[in-house]
$ cat entry.pdb   # PDB, C-alpha atoms
ATOM      1  CA  MET H   1     -28.964 -55.752-163.184
ATOM      2  CA  LYS H   2     -28.133 -53.098-165.726
ATOM      3  CA  ALA H   3     -30.433 -50.431-167.136
ATOM      4  CA  PHE H   4     -29.881 -48.251-170.190
ATOM      5  CA  LEU H   5     -31.106 -44.690-169.999
ATOM      6  CA  LYS H   6     -32.289 -42.233-172.574
ATOM      7  CA  PHE H   7     -32.168 -38.498-171.925
ATOM      8  CA  ASP H   8     -34.179 -35.540-173.078
ATOM      9  CA  PHE H   9     -31.530 -32.851-172.893
ATOM     10  CA  THR H  10     -33.957 -29.951-173.226
ATOM     11  CA  ILE H  11     -35.970 -30.969-170.176
ATOM     12  CA  LEU H  12     -32.916 -32.145-168.269
ATOM     13  CA  THR H  13     -30.982 -28.903-168.678
ATOM     14  CA  LYS H  14     -34.013 -26.743-167.978
ATOM     15  CA  LYS H  15     -34.904 -28.526-164.731
ATOM     16  CA  PHE H  16     -31.289 -28.523-163.669
ATOM     17  CA  LEU H  17     -30.853 -24.788-164.286
ATOM     18  CA  GLU H  18     -34.084 -23.974-162.484
ATOM     19  CA  GLU H  19     -32.969 -25.940-159.495
ATOM     20  CA  LYS H  20     -29.479 -24.448-159.324
ATOM     21  CA  LEU H  21     -30.374 -20.849-160.134
ATOM     22  CA  SER H  22     -33.234 -20.811-157.652
ATOM     23  CA  SER H  23     -30.792 -21.830-154.930
ATOM     24  CA  PHE H  24     -29.069 -18.451-155.461
ATOM     25  CA  GLY H  25     -32.343 -16.634-154.899
ATOM     26  CA  LEU H  26     -32.115 -14.695-158.155
ATOM     27  CA  LYS H  27     -34.907 -13.540-160.449
ATOM     28  CA  TYR H  28     -34.439 -14.951-163.935
ATOM     29  CA  THR H  29     -36.261 -16.367-166.930
ATOM     30  CA  ILE H  30     -35.006 -19.158-169.159
ATOM     31  CA  THR H  31     -35.490 -17.630-172.588
ATOM     32  CA  GLY H  32     -34.402 -20.555-174.720
ATOM     33  CA  PHE H  33     -32.167 -23.597-174.774
ATOM     34  CA  GLY H  34     -28.903 -22.392-173.263
ATOM     35  CA  GLU H  35     -30.157 -18.843-172.730
ATOM     36  CA  VAL H  36     -30.932 -17.284-169.380
ATOM     37  CA  GLU H  37     -31.946 -13.702-168.719
ATOM     38  CA  PHE H  38     -31.384 -12.281-165.253
ATOM     39  CA  LEU H  39     -33.979  -9.706-164.317
ATOM     40  CA  GLU H  40     -31.704  -7.722-162.035
ATOM     41  CA  ASN H  41     -28.066  -6.693-161.916
ATOM     42  CA  ILE H  42     -25.859  -9.279-160.314
ATOM     43  CA  PRO H  43     -22.752  -8.324-158.331
ATOM     44  CA  ASP H  44     -19.448  -9.696-159.686
ATOM     45  CA  GLU H  45     -18.783 -11.993-156.710
ATOM     46  CA  LYS H  46     -22.123 -13.614-157.226
ATOM     47  CA  ILE H  47     -21.419 -14.137-160.954
ATOM     48  CA  GLU H  48     -18.154 -15.819-160.017
ATOM     49  CA  GLU H  49     -19.980 -18.033-157.566
ATOM     50  CA  ILE H  50     -22.556 -19.049-160.192
ATOM     51  CA  THR H  51     -19.844 -19.601-162.809
ATOM     52  CA  SER H  52     -17.832 -21.922-160.605
ATOM     53  CA  LEU H  53     -20.900 -23.857-159.528
ATOM     54  CA  LEU H  54     -22.022 -24.384-163.120
ATOM     55  CA  ASN H  55     -18.474 -25.275-164.208
ATOM     56  CA  GLU H  56     -18.557 -28.229-161.853
ATOM     57  CA  TYR H  57     -21.380 -29.636-163.946
ATOM     58  CA  GLY H  58     -19.669 -28.973-167.273
ATOM     59  CA  ILE H  59     -21.643 -25.811-167.997
ATOM     60  CA  GLU H  60     -19.793 -22.759-169.224
ATOM     61  CA  ILE H  61     -20.988 -19.182-169.533
ATOM     62  CA  ILE H  62     -20.119 -18.048-173.050
ATOM     63  CA  GLU H  63     -19.013 -14.461-173.486
ATOM     64  CA  ASN H  64     -17.795 -14.265-177.058
ATOM     65  CA  GLN H  65     -20.634 -13.245-179.406
ATOM     66  CA  LYS H  66     -19.416 -15.450-182.261
ATOM     67  CA  THR H  67     -19.327 -18.474-180.009
ATOM     68  CA  VAL H  68     -22.817 -17.640-178.790
ATOM     69  CA  LEU H  69     -24.162 -17.582-182.334
ATOM     70  CA  VAL H  70     -22.384 -20.819-183.240
ATOM     71  CA  GLN H  71     -23.911 -22.416-180.169
ATOM     72  CA  LYS H  72     -27.343 -21.209-181.290
ATOM     73  CA  ILE H  73     -26.783 -22.719-184.741
ATOM     74  CA  LYS H  74     -25.877 -26.034-183.128
ATOM     75  CA  ASP H  75     -28.868 -25.950-180.791
ATOM     76  CA  THR H  76     -31.236 -25.185-183.660
ATOM     77  CA  ILE H  77     -29.852 -28.058-185.721
ATOM     78  CA  ILE H  78     -30.058 -30.480-182.803
ATOM     79  CA  GLU H  79     -33.640 -29.411-182.246
ATOM     80  CA  MET H  80     -34.447 -29.939-185.944
ATOM     81  CA  VAL H  81     -32.874 -33.387-186.004
ATOM     82  CA  PHE H  82     -34.098 -34.752-182.685
ATOM     83  CA  LYS H  83     -37.624 -33.362-182.486
ATOM     84  CA  GLU H  84     -40.355 -35.435-184.052
ATOM     85  CA  ASP H  85     -42.499 -32.487-185.048
ATOM     86  CA  ALA H  86     -39.661 -30.425-186.511
ATOM     87  CA  PRO H  87     -40.690 -28.133-189.344
ATOM     88  CA  ASN H  88     -40.355 -29.703-192.727
ATOM     89  CA  VAL H  89     -38.251 -26.979-194.357
ATOM     90  CA  LYS H  90     -34.675 -26.849-195.571
ATOM     91  CA  ALA H  91     -32.192 -26.360-192.760
ATOM     92  CA  SER H  92     -30.677 -23.316-194.493
ATOM     93  CA  VAL H  93     -34.044 -21.559-194.657
ATOM     94  CA  TYR H  94     -34.974 -22.510-191.110
ATOM     95  CA  LEU H  95     -31.645 -21.391-189.618
ATOM     96  CA  ALA H  96     -31.667 -18.048-191.446
ATOM     97  CA  GLU H  97     -35.221 -17.335-190.367
ATOM     98  CA  LYS H  98     -34.832 -18.410-186.778
ATOM     99  CA  LEU H  99     -31.503 -16.689-186.124
ATOM    100  CA  ASN H 100     -32.119 -13.592-188.221
ATOM    101  CA  HIS H 101     -28.934 -13.741-190.276
ATOM    102  CA  SER H 102     -28.337 -14.737-193.881
ATOM    103  CA  TYR H 103     -27.399 -18.381-194.329
ATOM    104  CA  GLY H 104     -24.162 -17.320-196.042
ATOM    105  CA  TYR H 105     -23.113 -15.396-192.964
ATOM    106  CA  LEU H 106     -24.040 -18.196-190.580
ATOM    107  CA  SER H 107     -22.292 -20.763-192.700
ATOM    108  CA  ASN H 108     -19.015 -18.807-192.882
ATOM    109  CA  LEU H 109     -19.050 -18.063-189.186
ATOM    110  CA  PHE H 110     -19.699 -21.696-188.335
ATOM    111  CA  SER H 111     -16.754 -22.958-190.408
ATOM    112  CA  GLU H 112     -14.501 -20.266-189.001
ATOM    113  CA  VAL H 113     -15.181 -21.243-185.396
ATOM    114  CA  THR H 114     -15.615 -25.024-185.629
ATOM    115  CA  TYR H 115     -13.524 -25.899-188.732
ATOM    116  CA  ALA H 116     -16.518 -27.905-189.981
ATOM    117  CA  SER H 117     -19.401 -26.938-192.261
ATOM    118  CA  ILE H 118     -23.027 -26.658-191.160
ATOM    119  CA  GLU H 119     -23.934 -29.395-193.664
ATOM    120  CA  ASN H 120     -21.422 -31.764-192.082
ATOM    121  CA  PHE H 121     -22.678 -30.939-188.650
ATOM    122  CA  ILE H 122     -26.258 -31.766-189.673
ATOM    123  CA  ILE H 123     -25.173 -35.107-191.130
ATOM    124  CA  LEU H 124     -23.131 -35.877-188.019
ATOM    125  CA  GLN H 125     -26.138 -35.176-185.795
ATOM    126  CA  LYS H 126     -28.455 -37.289-187.915
ATOM    127  CA  ILE H 127     -26.042 -40.200-187.812
ATOM    128  CA  GLU H 128     -25.684 -39.753-184.037
ATOM    129  CA  TYR H 129     -29.448 -39.960-183.730
ATOM    130  CA  ALA H 130     -29.488 -43.058-185.915
ATOM    131  CA  LYS H 131     -26.845 -44.644-183.630
ATOM    132  CA  GLN H 132     -28.925 -43.881-180.591
ATOM    133  CA  LEU H 133     -31.976 -45.435-182.222
ATOM    134  CA  ILE H 134     -30.017 -48.542-183.226
ATOM    135  CA  VAL H 135     -28.589 -49.022-179.741
ATOM    136  CA  ASN H 136     -31.396 -47.973-177.411
ATOM    137  CA  ASP H 137     -34.641 -48.406-179.258
ATOM    138  CA  LYS H 138     -33.684 -51.439-181.322
ATOM    139  CA  LEU H 139     -35.377 -49.938-184.368
ATOM    140  CA  SER H 140     -34.707 -51.502-187.749
ATOM    141  CA  LEU H 141     -32.819 -49.489-190.345
ATOM    142  CA  THR H 142     -35.994 -49.142-192.395
ATOM    143  CA  GLU H 143     -37.782 -47.562-189.450
ATOM    144  CA  ILE H 144     -34.828 -45.284-188.728
ATOM    145  CA  ALA H 145     -34.529 -44.160-192.342
ATOM    146  CA  PHE H 146     -38.203 -43.236-192.300
ATOM    147  CA  LYS H 147     -37.989 -41.439-188.969
ATOM    148  CA  LEU H 148     -34.988 -39.379-190.063
ATOM    149  CA  ASN H 149     -36.483 -38.462-193.441
ATOM    150  CA  TYR H 150     -34.057 -40.406-195.614
ATOM    151  CA  SER H 151     -35.374 -41.257-199.049
ATOM    152  CA  SER H 152     -34.283 -44.887-198.659
ATOM    153  CA  VAL H 153     -32.458 -47.328-196.388
ATOM    154  CA  ALA H 154     -29.612 -47.392-198.901
ATOM    155  CA  HIS H 155     -29.197 -43.639-198.574
ATOM    156  CA  LEU H 156     -29.013 -43.888-194.773
ATOM    157  CA  SER H 157     -26.548 -46.811-194.889
ATOM    158  CA  THR H 158     -24.304 -44.989-197.342
ATOM    159  CA  GLN H 159     -24.287 -41.817-195.291
ATOM    160  CA  PHE H 160     -23.636 -43.834-192.119
ATOM    161  CA  LYS H 161     -20.692 -45.572-193.745
ATOM    162  CA  ASN H 162     -19.322 -42.335-195.214
ATOM    163  CA  THR H 163     -19.521 -40.547-191.871
ATOM    164  CA  THR H 164     -18.235 -43.257-189.543
ATOM    165  CA  GLY H 165     -16.276 -45.571-191.866
ATOM    166  CA  ILE H 166     -18.241 -48.589-190.657
ATOM    167  CA  THR H 167     -21.643 -49.998-191.580
ATOM    168  CA  PRO H 168     -24.698 -49.747-189.315
ATOM    169  CA  SER H 169     -24.641 -53.497-188.653
ATOM    170  CA  GLN H 170     -20.928 -53.426-187.750
ATOM    171  CA  PHE H 171     -21.711 -50.586-185.391
ATOM    172  CA  GLN H 172     -24.508 -52.547-183.785
ATOM    173  CA  ARG H 173     -22.281 -55.618-183.399
ATOM    174  CA  ILE H 174     -19.410 -53.687-181.802
ATOM    175  CA  ILE H 175     -21.650 -51.969-179.243
ATOM    176  CA  ALA H 176     -23.364 -55.277-178.436
ATOM    177  CA  LYS H 177     -19.978 -56.967-177.850
ATOM    178  CA  ARG H 178     -18.796 -54.103-175.661
ATOM    179  CA  ARG H 179     -21.885 -54.459-173.503
ATOM    180  CA  GLU H 180     -21.397 -58.181-173.289
ATOM    181  CA  ILE H 181     -17.849 -57.667-171.994
ATOM    182  CA  ALA H 182     -19.019 -54.997-169.551
ATOM    183  CA  ASN H 183     -21.681 -57.352-168.229
ATOM    184  CA  THR H 184     -19.267 -60.187-167.553
ATOM    185  CA  LYS H 185     -16.942 -57.969-165.519
TER     186      LYS H 185
ATOM    187  CA  MET U   1     -13.942 -18.654-174.982
ATOM    188  CA  GLN U   2     -12.163 -21.026-177.308
ATOM    189  CA  LYS U   3      -9.985 -23.565-175.618
ATOM    190  CA  GLU U   4      -6.419 -22.655-176.514
ATOM    191  CA  TYR U   5      -4.949 -25.990-177.536
ATOM    192  CA  ILE U   6      -6.012 -29.437-178.509
ATOM    193  CA  HIS U   7      -3.647 -31.824-176.773
ATOM    194  CA  ILE U   8      -2.461 -34.748-178.858
ATOM    195  CA  VAL U   9      -0.248 -37.653-177.845
ATOM    196  CA  LEU U  10       1.218 -40.304-180.141
ATOM    197  CA  ALA U  11       2.909 -43.555-179.127
ATOM    198  CA  ASP U  12       4.790 -45.108-182.047
ATOM    199  CA  ASP U  13       8.164 -46.851-182.201
ATOM    200  CA  ASP U  14       8.874 -45.797-185.777
ATOM    201  CA  GLU U  15      10.869 -42.582-185.845
ATOM    202  CA  ASP U  16       9.800 -41.599-189.365
ATOM    203  CA  ASP U  17       6.136 -42.063-188.527
ATOM    204  CA  ARG U  18       6.507 -39.865-185.475
ATOM    205  CA  LEU U  19       8.174 -37.195-187.560
ATOM    206  CA  PHE U  20       5.509 -37.243-190.296
ATOM    207  CA  PHE U  21       2.855 -37.074-187.619
ATOM    208  CA  THR U  22       4.230 -33.986-185.876
ATOM    209  CA  ASP U  23       4.959 -32.313-189.218
ATOM    210  CA  ALA U  24       1.394 -32.938-190.380
ATOM    211  CA  PHE U  25      -0.023 -31.290-187.277
ATOM    212  CA  SER U  26       2.272 -28.303-187.548
ATOM    213  CA  GLU U  27       0.801 -27.629-191.008
ATOM    214  CA  LEU U  28      -2.827 -27.798-189.910
ATOM    215  CA  LYS U  29      -4.671 -24.612-189.034
ATOM    216  CA  MET U  30      -5.882 -25.864-185.653
ATOM    217  CA  SER U  31      -3.856 -25.029-182.583
ATOM    218  CA  THR U  32      -2.536 -28.304-181.301
ATOM    219  CA  LYS U  33       0.182 -29.427-178.932
ATOM    220  CA  VAL U  34       1.711 -32.738-179.905
ATOM    221  CA  GLN U  35       3.787 -35.014-177.682
ATOM    222  CA  THR U  36       5.238 -38.335-178.818
ATOM    223  CA  TYR U  37       6.523 -41.471-177.057
ATOM    224  CA  ASN U  38       8.596 -44.353-178.455
ATOM    225  CA  ASP U  39       6.729 -47.230-176.889
ATOM    226  CA  GLY U  40       3.843 -48.279-174.677
ATOM    227  CA  VAL U  41       5.824 -48.261-171.432
ATOM    228  CA  ALA U  42       6.998 -44.681-171.929
ATOM    229  CA  LEU U  43       3.459 -43.665-172.798
ATOM    230  CA  MET U  44       1.858 -45.275-169.746
ATOM    231  CA  ASP U  45       4.578 -43.854-167.482
ATOM    232  CA  TYR U  46       3.637 -40.420-168.708
ATOM    233  CA  LEU U  47      -0.140 -40.898-168.435
ATOM    234  CA  ASN U  48       0.118 -42.320-164.920
ATOM    235  CA  GLN U  49       2.030 -39.318-163.593
ATOM    236  CA  GLU U  50      -0.111 -37.445-161.182
ATOM    237  CA  ASP U  51       0.162 -34.057-162.855
ATOM    238  CA  ALA U  52       0.141 -35.281-166.458
ATOM    239  CA  ILE U  53      -1.884 -33.186-168.874
ATOM    240  CA  LEU U  54      -4.166 -35.807-170.364
ATOM    241  CA  PRO U  55      -4.519 -35.599-174.138
ATOM    242  CA  ASN U  56      -7.814 -34.927-175.921
ATOM    243  CA  VAL U  57      -6.852 -37.548-178.452
ATOM    244  CA  LEU U  58      -4.318 -40.354-178.024
ATOM    245  CA  PHE U  59      -2.921 -42.073-181.116
ATOM    246  CA  LEU U  60      -1.679 -45.603-180.521
ATOM    247  CA  ASP U  61       0.455 -47.698-182.840
ATOM    248  CA  LEU U  62      -0.380 -51.381-182.397
ATOM    249  CA  ASN U  63       3.058 -52.964-182.800
ATOM    250  CA  MET U  64       5.449 -51.523-180.288
ATOM    251  CA  PRO U  65       8.218 -53.138-178.256
ATOM    252  CA  ARG U  66       7.854 -53.635-174.469
ATOM    253  CA  LYS U  67       4.131 -52.832-174.400
ATOM    254  CA  SER U  68       1.821 -53.114-177.401
ATOM    255  CA  GLY U  69      -0.938 -50.727-178.390
ATOM    256  CA  ILE U  70      -3.578 -53.273-177.411
ATOM    257  CA  GLU U  71      -2.098 -53.601-173.913
ATOM    258  CA  CYS U  72      -2.078 -49.813-173.531
ATOM    259  CA  LEU U  73      -5.669 -49.645-174.763
ATOM    260  CA  GLN U  74      -6.791 -52.205-172.191
ATOM    261  CA  GLU U  75      -4.938 -50.452-169.380
ATOM    262  CA  ILE U  76      -6.385 -47.085-170.306
ATOM    263  CA  LYS U  77      -9.912 -48.422-170.612
ATOM    264  CA  SER U  78      -9.776 -50.041-167.189
ATOM    265  CA  ASN U  79      -8.940 -46.762-165.451
ATOM    266  CA  SER U  80     -11.754 -44.224-165.186
ATOM    267  CA  LYS U  81      -9.241 -41.410-164.849
ATOM    268  CA  PHE U  82      -8.798 -41.695-168.625
ATOM    269  CA  ASP U  83     -12.482 -41.706-169.567
ATOM    270  CA  ASN U  84     -12.290 -38.424-171.434
ATOM    271  CA  ILE U  85      -9.451 -39.398-173.758
ATOM    272  CA  ALA U  86     -10.521 -40.327-177.266
ATOM    273  CA  ILE U  87      -8.370 -43.225-178.456
ATOM    274  CA  ALA U  88      -7.273 -43.523-182.046
ATOM    275  CA  ILE U  89      -5.547 -46.675-183.242
ATOM    276  CA  TYR U  90      -2.893 -45.697-185.761
ATOM    277  CA  SER U  91      -1.765 -48.765-187.613
ATOM    278  CA  THR U  92      -0.533 -50.228-190.874
ATOM    279  CA  SER U  93      -2.939 -53.148-190.633
ATOM    280  CA  SER U  94      -6.329 -52.986-192.276
ATOM    281  CA  SER U  95      -7.575 -56.436-191.326
ATOM    282  CA  GLU U  96     -11.263 -56.295-190.540
ATOM    283  CA  GLU U  97     -10.842 -58.572-187.550
ATOM    284  CA  HIS U  98      -8.167 -56.362-186.050
ATOM    285  CA  ILE U  99     -10.266 -53.288-186.536
ATOM    286  CA  GLU U 100     -13.357 -54.719-184.941
ATOM    287  CA  GLU U 101     -11.357 -56.127-182.032
ATOM    288  CA  THR U 102      -9.864 -52.735-181.169
ATOM    289  CA  PHE U 103     -13.294 -51.082-181.354
ATOM    290  CA  VAL U 104     -14.751 -53.708-179.065
ATOM    291  CA  LEU U 105     -11.902 -53.091-176.599
ATOM    292  CA  GLY U 106     -12.866 -49.444-176.477
ATOM    293  CA  ALA U 107     -11.008 -47.594-179.240
ATOM    294  CA  ASN U 108     -12.959 -44.708-180.777
ATOM    295  CA  ILE U 109     -11.057 -44.241-183.990
ATOM    296  CA  TYR U 110      -9.153 -46.558-186.310
ATOM    297  CA  ILE U 111      -6.774 -45.041-188.806
ATOM    298  CA  LYS U 112      -4.847 -46.979-191.384
ATOM    299  CA  LYS U 113      -1.614 -45.036-191.784
ATOM    300  CA  PRO U 114      -1.788 -43.259-195.154
ATOM    301  CA  ASN U 115       1.321 -43.541-197.358
ATOM    302  CA  ASP U 116       1.440 -39.983-198.513
ATOM    303  CA  PHE U 117       1.823 -36.828-196.527
ATOM    304  CA  ASN U 118      -1.175 -34.936-197.914
ATOM    305  CA  ALA U 119      -3.496 -37.848-197.209
ATOM    306  CA  LEU U 120      -2.104 -37.973-193.666
ATOM    307  CA  LYS U 121      -2.820 -34.286-193.123
ATOM    308  CA  LYS U 122      -6.367 -34.712-194.402
ATOM    309  CA  VAL U 123      -7.037 -37.740-192.173
ATOM    310  CA  LEU U 124      -5.640 -36.105-189.041
ATOM    311  CA  SER U 125      -7.546 -32.896-189.649
ATOM    312  CA  ASP U 126     -10.812 -34.839-190.132
ATOM    313  CA  VAL U 127     -10.232 -36.848-186.964
ATOM    314  CA  ILE U 128      -9.547 -33.781-184.859
ATOM    315  CA  THR U 129     -12.561 -31.929-186.259
ATOM    316  CA  ILE U 130     -14.980 -34.757-185.578
ATOM    317  CA  ASN U 131     -13.502 -35.393-182.163
ATOM    318  CA  TRP U 132     -13.892 -31.717-181.399
ATOM    319  CA  GLN U 133     -17.585 -31.952-182.264
ATOM    320  CA  TYR U 134     -17.985 -34.797-179.809
ATOM    321  CA  HIS U 135     -16.182 -32.752-177.234
ATOM    322  CA  THR U 136     -18.143 -29.539-177.671
ATOM    323  CA  SER U 137     -21.598 -30.610-178.821
ATOM    324  CA  GLY U 138     -22.663 -32.977-176.092
ATOM    325  CA  LEU U 139     -22.560 -36.074-178.296
ATOM    326  CA  ASN U 140     -22.505 -39.482-176.656
ATOM    327  CA  LYS U 141     -18.870 -40.649-176.595
ATOM    328  CA  GLU U 142     -19.928 -44.261-176.050
ATOM    329  CA  ASN U 143     -21.216 -44.228-179.603
ATOM    330  CA  PHE U 144     -18.117 -42.582-181.050
ATOM    331  CA  LEU U 145     -16.676 -44.994-183.609
ATOM    332  CA  LEU U 146     -14.806 -43.740-186.632
ATOM    333  CA  ARG U 147     -12.772 -45.590-189.195
ATOM    334  CA  MET U 148     -10.604 -43.684-191.663
TER     335      MET U 148
END

$ encode --input "entry.pdb" --output "structure tokens"
Amino acid sequence: MKAFLKFDFTILTKKFLEEKLSSFGLKYTITGFGEVEFLENIPDEKIEEITSLLNEYGIEIIENQKTVLVQKIKDTIIEMVFKEDAPNVKASVYLAEKLNHSYGYLSNLFSEVTYASIENFIILQKIEYAKQLIVNDKLSLTEIAFKLNYSSVAHLSTQFKNTTGITPSQFQRIIAKRREIANTK
Amino acid sequence: MQKEYIHIVLADDDEDDRLFFTDAFSELKMSTKVQTYNDGVALMDYLNQEDAILPNVLFLDLNMPRKSGIECLQEIKSNSKFDNIAIAIYSTSSSEEHIEETFVLGANIYIKKPNDFNALKKVLSDVITINWQYHTSGLNKENFLLRM
């Protein structure tokens, strides 16, 4: 038997951090996605210990301020795309308001660090979400277009094709065939 | 903490193609380290070494002597040690059947070799950027399919 899983990364990461950080007996609060505030000073050895433990699970402590802000931009976008009740405002307005910097500044910083524009990143995330919905939830393209706020199915299909080079139905077929092969092994 | 280099490996039996490829990367603004191999056997020998630095992205030509790109792809996909490598097929063929077959076998990216140098630079830069997003933004690699 084979089961396909769907994850809520916000809950998953929060629970995980709570579990791991509590095991160190430290006082902390989780102040946001990917943001932890320690309520006391931590000795360097202990920081090293925490860092190496988290590294094992693919979690890194970011020190560079620019990288921190870029990560916040990404998190905000992911939240906007993946949350059902996301605010219905333009991403540029939302980002500027939430992160307290002008959109121009955020946009330049983002390109400088990631070599990609914020706009491209938003499209990439939306298409990723569409892929997930095609594969896991078996939604039709019409339903997905509606869910992701596209004006039409054609608009979604075109953006899908422009981003990935293949059509949504080709994508669906390839993933289905891969699973078929995996199941016969 | 930016990672210092993006590691790239290319296996291609055509000397000119290898040269264009390394030249293209040296002109891009990303910091990359590029290694090339002449055929599938040389490539797999390298990857199977215990202390080999595994590439972030591996570019595979399909038609190579001794061991073809498809054979390499299958070998790589059957070994979980290589799970983190994104595989780009780098080929002159643009047959739909071929493309779909390689995706089904586990390739992430399919690139039809561009005939001019500027187009090549653009394609490679796009591939690396998108791959980097998958790497750093927690995207699901199982769903990573890209055709250029």

$ atom_distance --input "entry.pdb" --atom1 "CA of Tyr115 in chain H" --atom2 "CA of Asn131 in chain U"
11.5 Å

$ residues_around --input "entry.pdb" --residues "Gly34 in chain H" --least-positions-apart "6" --cutoff "10 Å" --atoms "all atoms listed in the file" --output "number ranges by chain"
H: 10, 13-14, 17, 59-62, 68, 71-72, 75

$ interface_residues --input "entry.pdb" --of "chain H" --to "chain U" --cutoff "6 Å" --atoms "only C-alpha atoms" --output "PyMOL selection string"
chain H and resi 164-165+174+178

$ resolve_selection --input "entry.pdb" --expression "the PyMOL selection byres ((chain H and resi 160) around 10)" --output "list in words"
Ile123, Leu124, Lys126, Ile127, Glu128, Ala130, Lys131, Ala154, His155, Leu156, Ser157, Thr158, Gln159, Lys161, Asn162, Thr163, Thr164, Gly165, Ile166, Thr167, Pro168 and Phe171 of chain H

$ closest_residue --input "entry.pdb" --among "H:Arg179, H:Lys15, H:Lys147, H:His101" --to "Phe33 in chain H" --atoms "all atoms listed in the file"
H:Lys15

$ resolve_selection --input "entry.pdb" --expression "the PyMOL selection byres ((chain H and resi 144) around 10)" --output "count of residues only"
21

$ residues_around --input "entry.pdb" --residues "range 34-49 of chain U" --least-positions-apart "5" --cutoff "6 Å" --atoms "only C-alpha atoms" --output "list of chain:residue names"
U:Ile8, U:Val9, U:Leu10, U:Ala11, U:Asp12, U:Asp13, U:Met64, U:Lys67, U:Ser68

$ write_last_selection --input "entry.pdb" --atoms "C-alpha atoms" --output "PDB file, in the coordinates of the input"
ATOM      1  CA  ILE U   8      -2.461 -34.748-178.858  1.00  0.00           C
ATOM      2  CA  VAL U   9      -0.248 -37.653-177.845  1.00  0.00           C
ATOM      3  CA  LEU U  10       1.218 -40.304-180.141  1.00  0.00           C
ATOM      4  CA  ALA U  11       2.909 -43.555-179.127  1.00  0.00           C
ATOM      5  CA  ASP U  12       4.790 -45.108-182.047  1.00  0.00           C
ATOM      6  CA  ASP U  13       8.164 -46.851-182.201  1.00  0.00           C
ATOM      7  CA  MET U  64       5.449 -51.523-180.288  1.00  0.00           C
ATOM      8  CA  LYS U  67       4.131 -52.832-174.400  1.00  0.00           C
ATOM      9  CA  SER U  68       1.821 -53.114-177.401  1.00  0.00           C
TER      10      SER U  68
END

$ residues_around --input "entry.pdb" --residues "Lys121 in chain U" --least-positions-apart "2" --cutoff "12 Å" --atoms "all atoms listed in the file" --output "VMD selection string"
chain U and resid 20 to 30 113 to 119 123 to 128

$ atom_distance --input "entry.pdb" --atom1 "CA of Tyr90 in chain U" --atom2 "CA of Leu58 in chain U"
9.5 Å

$ resolve_selection --input "entry.pdb" --expression "the PyMOL selection byres ((chain H and resi 105-114) around 9)" --output "compact mmCIF listing (two decimals) with C-alpha atoms, in the frame of the given file"
# COMPACT_ATOMS: atom_id res chain seq x y z
CA LYS H 66 -19.42 -15.45 -182.26
CA THR H 67 -19.33 -18.47 -180.01
CA LEU H 69 -24.16 -17.58 -182.33
CA VAL H 70 -22.38 -20.82 -183.24
CA ILE H 73 -26.78 -22.72 -184.74
CA SER H 92 -30.68 -23.32 -194.49
CA LEU H 95 -31.64 -21.39 -189.62
CA ALA H 96 -31.67 -18.05 -191.45
CA LEU H 99 -31.50 -16.69 -186.12
CA HIS H 101 -28.93 -13.74 -190.28
CA SER H 102 -28.34 -14.74 -193.88
CA TYR H 103 -27.40 -18.38 -194.33
CA GLY H 104 -24.16 -17.32 -196.04
CA TYR H 115 -13.52 -25.90 -188.73
CA ALA H 116 -16.52 -27.90 -189.98
CA SER H 117 -19.40 -26.94 -192.26
CA ILE H 118 -23.03 -26.66 -191.16
CA GLU H 119 -23.93 -29.40 -193.66
CA GLN U 2 -12.16 -21.03 -177.31
CA THR U 129 -12.56 -31.93 -186.26
CA TRP U 132 -13.89 -31.72 -181.40
CA GLN U 133 -17.58 -31.95 -182.26

$ residues_near_point --input "entry.pdb" --point "(-4.1, -52.6, -191.3)" --cutoff "10 Å" --atoms "all atoms listed in the file" --output "list in words"
Leu62, Tyr90, Ser91, Thr92, Ser93, Ser94, Ser95, Glu96, Glu97, His98, Ile99, Tyr110, Ile111, Lys112 and Lys113 of chain U

$ atom_distance --input "entry.pdb" --atom1 "CA of Val135 in chain H" --atom2 "CA of Lys177 in chain H"
11.9 Å

$ build_atoms --input "entry.pdb" --residues "range 5-12 of chain U" --atoms "N, CA and C atoms" --output "compact mmCIF listing (two decimals), in the coordinates of the input"
# COMPACT_ATOMS: atom_id res chain seq x y z
N TYR U 5 -5.64 -24.95 -176.78
CA TYR U 5 -4.95 -25.99 -177.54
C TYR U 5 -5.68 -27.31 -177.48
N ILE U 6 -5.55 -28.06 -178.55
CA ILE U 6 -6.01 -29.44 -178.51
C ILE U 6 -4.77 -30.27 -178.21
N HIS U 7 -4.82 -31.04 -177.15
CA HIS U 7 -3.65 -31.82 -176.77
C HIS U 7 -3.67 -33.19 -177.44
N ILE U 8 -2.55 -33.51 -178.11
CA ILE U 8 -2.46 -34.75 -178.86
C ILE U 8 -1.25 -35.53 -178.36
N VAL U 9 -1.40 -36.83 -178.18
CA VAL U 9 -0.25 -37.65 -177.84
C VAL U 9 -0.19 -38.82 -178.83
N LEU U 10 1.03 -39.15 -179.27
CA LEU U 10 1.22 -40.30 -180.14
C LEU U 10 2.23 -41.25 -179.51
N ALA U 11 1.92 -42.55 -179.50
CA ALA U 11 2.91 -43.56 -179.13
C ALA U 11 3.18 -44.41 -180.36
N ASP U 12 4.42 -44.37 -180.83
CA ASP U 12 4.79 -45.11 -182.05
C ASP U 12 6.30 -45.35 -182.00
